[in-house]
Amino acid sequence: MVKARFHFHRELNDFLARSQRGHTFACACPKASSTKHMIEALGVPHTEVDLIVKNGRPVGFDAQIEPDDVIEIYPARHAPASMANGALLLRPPLHNADLSFIADAHLGGLAQLLRLAGFDTRYDNNFPDDEIEALAQDEARIVLTRDRELLKRRTVLRGCYVRALQPDDQFREVSERFDLTPHVRAFRLCLMCNAPLRPAGPGDIDGRVPEGVRERHTRFVTCDVCHRVFWEGSHWRRMRARIDALAEAGR
């Protein structure tokens, strides 16, 4: 065994034993342990970490721990200013094209809000963890979950442990984490299927829209997967106000 000292910053302390929170503490580590192994052994999923500083220098997850190392671990988006250069972080910054998600069975309400805001989000409350892991890897999706063990899986490269319990609060949390507000494009995706919506022609709405609605509205969109038709009625306006308020709160 080798002894090293660790200090986890900010919200990473939520994952630690109470006695280890908020200060530097010593820990015995098996020989040849990597920083990733020890960070996760202490309870912190690697997806929550953006920067590891070992004896004053940034290192990767594969760096081996040596006797008397001092290791500081920083969460996503909270690297110290002196090391905020993207080249020093463990993952490159995300771009709009990278903002696609897969949510676990506990986050159905969050998945719908993300779709409402225009973010490609896979969700099925029957997805087992193995399938979530495989889809995240194959489709380059960010895993959203309240299961920290899922986020510790080696092939899960990007993820977020969602702390909030209510969907609106969860959306705000994820929006802040991944800076979603500039990329919100509401009513682009079907809330049920996650498929793109397209303008509906007369043949798409015949027999599928109440006559009174058809008389009051001229613009309709439809989903080619579930064949639902949507229009800008009172429900649409309530959803629009909801997502606008959530996006505004993330500015």
# chains A, B, ... in the order shown; residues from 1 in each chain; ligands from 1
>>> residues_around(residues="range 158-172 of chain A", least_positions_apart="6", cutoff="6 Å", atoms="only C-alpha atoms", output="PDB file with N, CA and C atoms, in the first residue's frame")
ATOM      1  N   THR A  47     -17.116  10.644 -14.416  1.00  0.00           N
ATOM      2  CA  THR A  47     -17.802  11.618 -15.271  1.00  0.00           C
ATOM      3  C   THR A  47     -17.981  12.970 -14.595  1.00  0.00           C
ATOM      4  N   GLY A 109     -39.400  12.471 -16.731  1.00  0.00           N
ATOM      5  CA  GLY A 109     -39.848  13.856 -16.811  1.00  0.00           C
ATOM      6  C   GLY A 109     -38.761  14.766 -17.358  1.00  0.00           C
ATOM      7  N   LEU A 110     -37.533  14.554 -16.944  1.00  0.00           N
ATOM      8  CA  LEU A 110     -36.401  15.326 -17.468  1.00  0.00           C
ATOM      9  C   LEU A 110     -36.227  15.060 -18.957  1.00  0.00           C
ATOM     10  N   ILE A 142     -24.554  11.633 -23.820  1.00  0.00           N
ATOM     11  CA  ILE A 142     -24.258  11.946 -22.421  1.00  0.00           C
ATOM     12  C   ILE A 142     -25.260  11.195 -21.551  1.00  0.00           C
ATOM     13  N   VAL A 143     -24.766  10.424 -20.589  1.00  0.00           N
ATOM     14  CA  VAL A 143     -25.635   9.639 -19.713  1.00  0.00           C
ATOM     15  C   VAL A 143     -26.130  10.512 -18.563  1.00  0.00           C
ATOM     16  N   LEU A 144     -27.444  10.556 -18.393  1.00  0.00           N
ATOM     17  CA  LEU A 144     -28.066  11.268 -17.277  1.00  0.00           C
ATOM     18  C   LEU A 144     -28.667  10.228 -16.338  1.00  0.00           C
ATOM     19  N   THR A 145     -28.296  10.270 -15.069  1.00  0.00           N
ATOM     20  CA  THR A 145     -28.728   9.219 -14.154  1.00  0.00           C
ATOM     21  C   THR A 145     -28.595   9.677 -12.709  1.00  0.00           C
ATOM     22  N   ARG A 146     -29.313   8.963 -11.830  1.00  0.00           N
ATOM     23  CA  ARG A 146     -29.125   9.122 -10.393  1.00  0.00           C
ATOM     24  C   ARG A 146     -28.434   7.887  -9.809  1.00  0.00           C
TER      25      ARG A 146
END
>>> residues_around(residues="Asp204 in chain A", least_positions_apart="4", cutoff="12 Å", atoms="only C-alpha atoms", output="PDB file with C-alpha atoms, in the first residue's frame")
ATOM      1  CA  ARG A 198     -42.019  18.414 -39.593  1.00  0.00           C
ATOM      2  CA  PRO A 199     -44.685  20.754 -40.982  1.00  0.00           C
ATOM      3  CA  ALA A 200     -47.925  18.880 -41.597  1.00  0.00           C
ATOM      4  CA  ARG A 208     -56.615  13.414 -37.057  1.00  0.00           C
ATOM      5  CA  VAL A 209     -57.469  16.936 -35.877  1.00  0.00           C
ATOM      6  CA  ARG A 219     -49.962  25.692 -38.741  1.00  0.00           C
ATOM      7  CA  PHE A 220     -49.530  22.070 -37.705  1.00  0.00           C
ATOM      8  CA  VAL A 221     -46.544  19.771 -37.226  1.00  0.00           C
ATOM      9  CA  THR A 222     -46.433  15.992 -37.148  1.00  0.00           C
ATOM     10  CA  CYS A 223     -44.200  13.122 -36.054  1.00  0.00           C
ATOM     11  CA  ASP A 224     -43.524  10.460 -38.679  1.00  0.00           C
ATOM     12  CA  HIS A 227     -48.121  10.131 -36.348  1.00  0.00           C
ATOM     13  CA  ARG A 228     -49.319  12.577 -33.699  1.00  0.00           C
ATOM     14  CA  VAL A 229     -50.240  16.058 -34.890  1.00  0.00           C
ATOM     15  CA  PHE A 230     -49.449  19.164 -32.839  1.00  0.00           C
TER      16      PHE A 230
END
>>> closest_residue(among="A:Leu42, A:Met1, A:Ala241, A:Ala103", to="Arg21 in chain A", atoms="only C-alpha atoms")
A:Leu42
>>> atom_distance(atom1="CA of Glu215 in chain A", atom2="CA of Trp236 in chain A")
17.0 Å
>>> select_by_dssp(residues="range 35-94 of chain A", states="helix (DSSP H, G or I)", output="VMD selection string")
chain A and resid 35 to 41 46 to 48 81 to 83 86 to 88
>>> write_last_selection(atoms="C-alpha atoms", output="PDB file, in the first residue's frame")
ATOM      1  CA  THR A  35      -6.107   8.149 -10.089  1.00  0.00           C
ATOM      2  CA  LYS A  36      -9.364   6.966 -11.706  1.00  0.00           C
ATOM      3  CA  HIS A  37      -9.438   3.812  -9.582  1.00  0.00           C
ATOM      4  CA  MET A  38      -8.931   5.698  -6.334  1.00  0.00           C
ATOM      5  CA  ILE A  39     -11.301   8.565  -7.164  1.00  0.00           C
ATOM      6  CA  GLU A  40     -14.070   6.063  -7.855  1.00  0.00           C
ATOM      7  CA  ALA A  41     -13.128   3.864  -4.898  1.00  0.00           C
ATOM      8  CA  HIS A  46     -15.185   9.788 -13.171  1.00  0.00           C
ATOM      9  CA  THR A  47     -17.802  11.618 -15.271  1.00  0.00           C
ATOM     10  CA  GLU A  48     -18.088  14.248 -12.521  1.00  0.00           C
ATOM     11  CA  ALA A  81      -8.596  29.871 -13.268  1.00  0.00           C
ATOM     12  CA  SER A  82      -4.872  29.078 -13.599  1.00  0.00           C
ATOM     13  CA  MET A  83      -5.720  25.703 -15.140  1.00  0.00           C
ATOM     14  CA  GLY A  86      -9.196  23.395 -22.198  1.00  0.00           C
ATOM     15  CA  ALA A  87      -5.959  21.569 -23.046  1.00  0.00           C
ATOM     16  CA  LEU A  88      -5.491  20.729 -19.361  1.00  0.00           C
TER      17      LEU A  88
END
>>> residues_around(residues="range 188-194 of chain A", least_positions_apart="6", cutoff="9 Å", atoms="only C-alpha atoms", output="list in words")
Ala111, Gln112, Leu113, Leu114, Arg115, Leu116, Ala117, Gly118, Phe119, Asp120, Thr121, Arg122, Tyr123, Thr222, Cys223, Val225, Cys226 and Arg228 of chain A
>>> write_last_selection(atoms="C-alpha atoms", output="PDB file, in the first residue's frame")
ATOM      1  CA  ALA A 111     -36.199  13.469 -20.800  1.00  0.00           C
ATOM      2  CA  GLN A 112     -39.469  15.057 -21.935  1.00  0.00           C
ATOM      3  CA  LEU A 113     -38.284  18.543 -20.977  1.00  0.00           C
ATOM      4  CA  LEU A 114     -35.017  18.060 -22.849  1.00  0.00           C
ATOM      5  CA  ARG A 115     -36.945  16.949 -25.931  1.00  0.00           C
ATOM      6  CA  LEU A 116     -39.281  19.913 -25.527  1.00  0.00           C
ATOM      7  CA  ALA A 117     -36.212  22.186 -25.547  1.00  0.00           C
ATOM      8  CA  GLY A 118     -34.951  20.500 -28.723  1.00  0.00           C
ATOM      9  CA  PHE A 119     -32.263  18.170 -27.351  1.00  0.00           C
ATOM     10  CA  ASP A 120     -32.033  14.654 -28.785  1.00  0.00           C
ATOM     11  CA  THR A 121     -32.720  12.448 -25.733  1.00  0.00           C
ATOM     12  CA  ARG A 122     -33.079   8.667 -25.723  1.00  0.00           C
ATOM     13  CA  TYR A 123     -35.326   7.334 -22.955  1.00  0.00           C
ATOM     14  CA  THR A 222     -46.433  15.992 -37.148  1.00  0.00           C
ATOM     15  CA  CYS A 223     -44.200  13.122 -36.054  1.00  0.00           C
ATOM     16  CA  VAL A 225     -42.996   7.794 -35.995  1.00  0.00           C
ATOM     17  CA  CYS A 226     -46.113   8.053 -33.797  1.00  0.00           C
ATOM     18  CA  ARG A 228     -49.319  12.577 -33.699  1.00  0.00           C
TER      19      ARG A 228
END
>>> closest_residue(among="A:Ala63, A:Ala245, A:Ala195, A:Val213", to="Thr181 in chain A", atoms="only C-alpha atoms")
A:Ala245
>>> closest_residue(among="A:Asp14, A:Asp62, A:Glu133, A:Asp68", to="Leu90 in chain A", atoms="only C-alpha atoms")
A:Asp62
>>> closest_residue(among="A:Leu197, A:Ala136, A:Ala76, A:Ala247", to="Phe178 in chain A", atoms="only C-alpha atoms")
A:Ala76
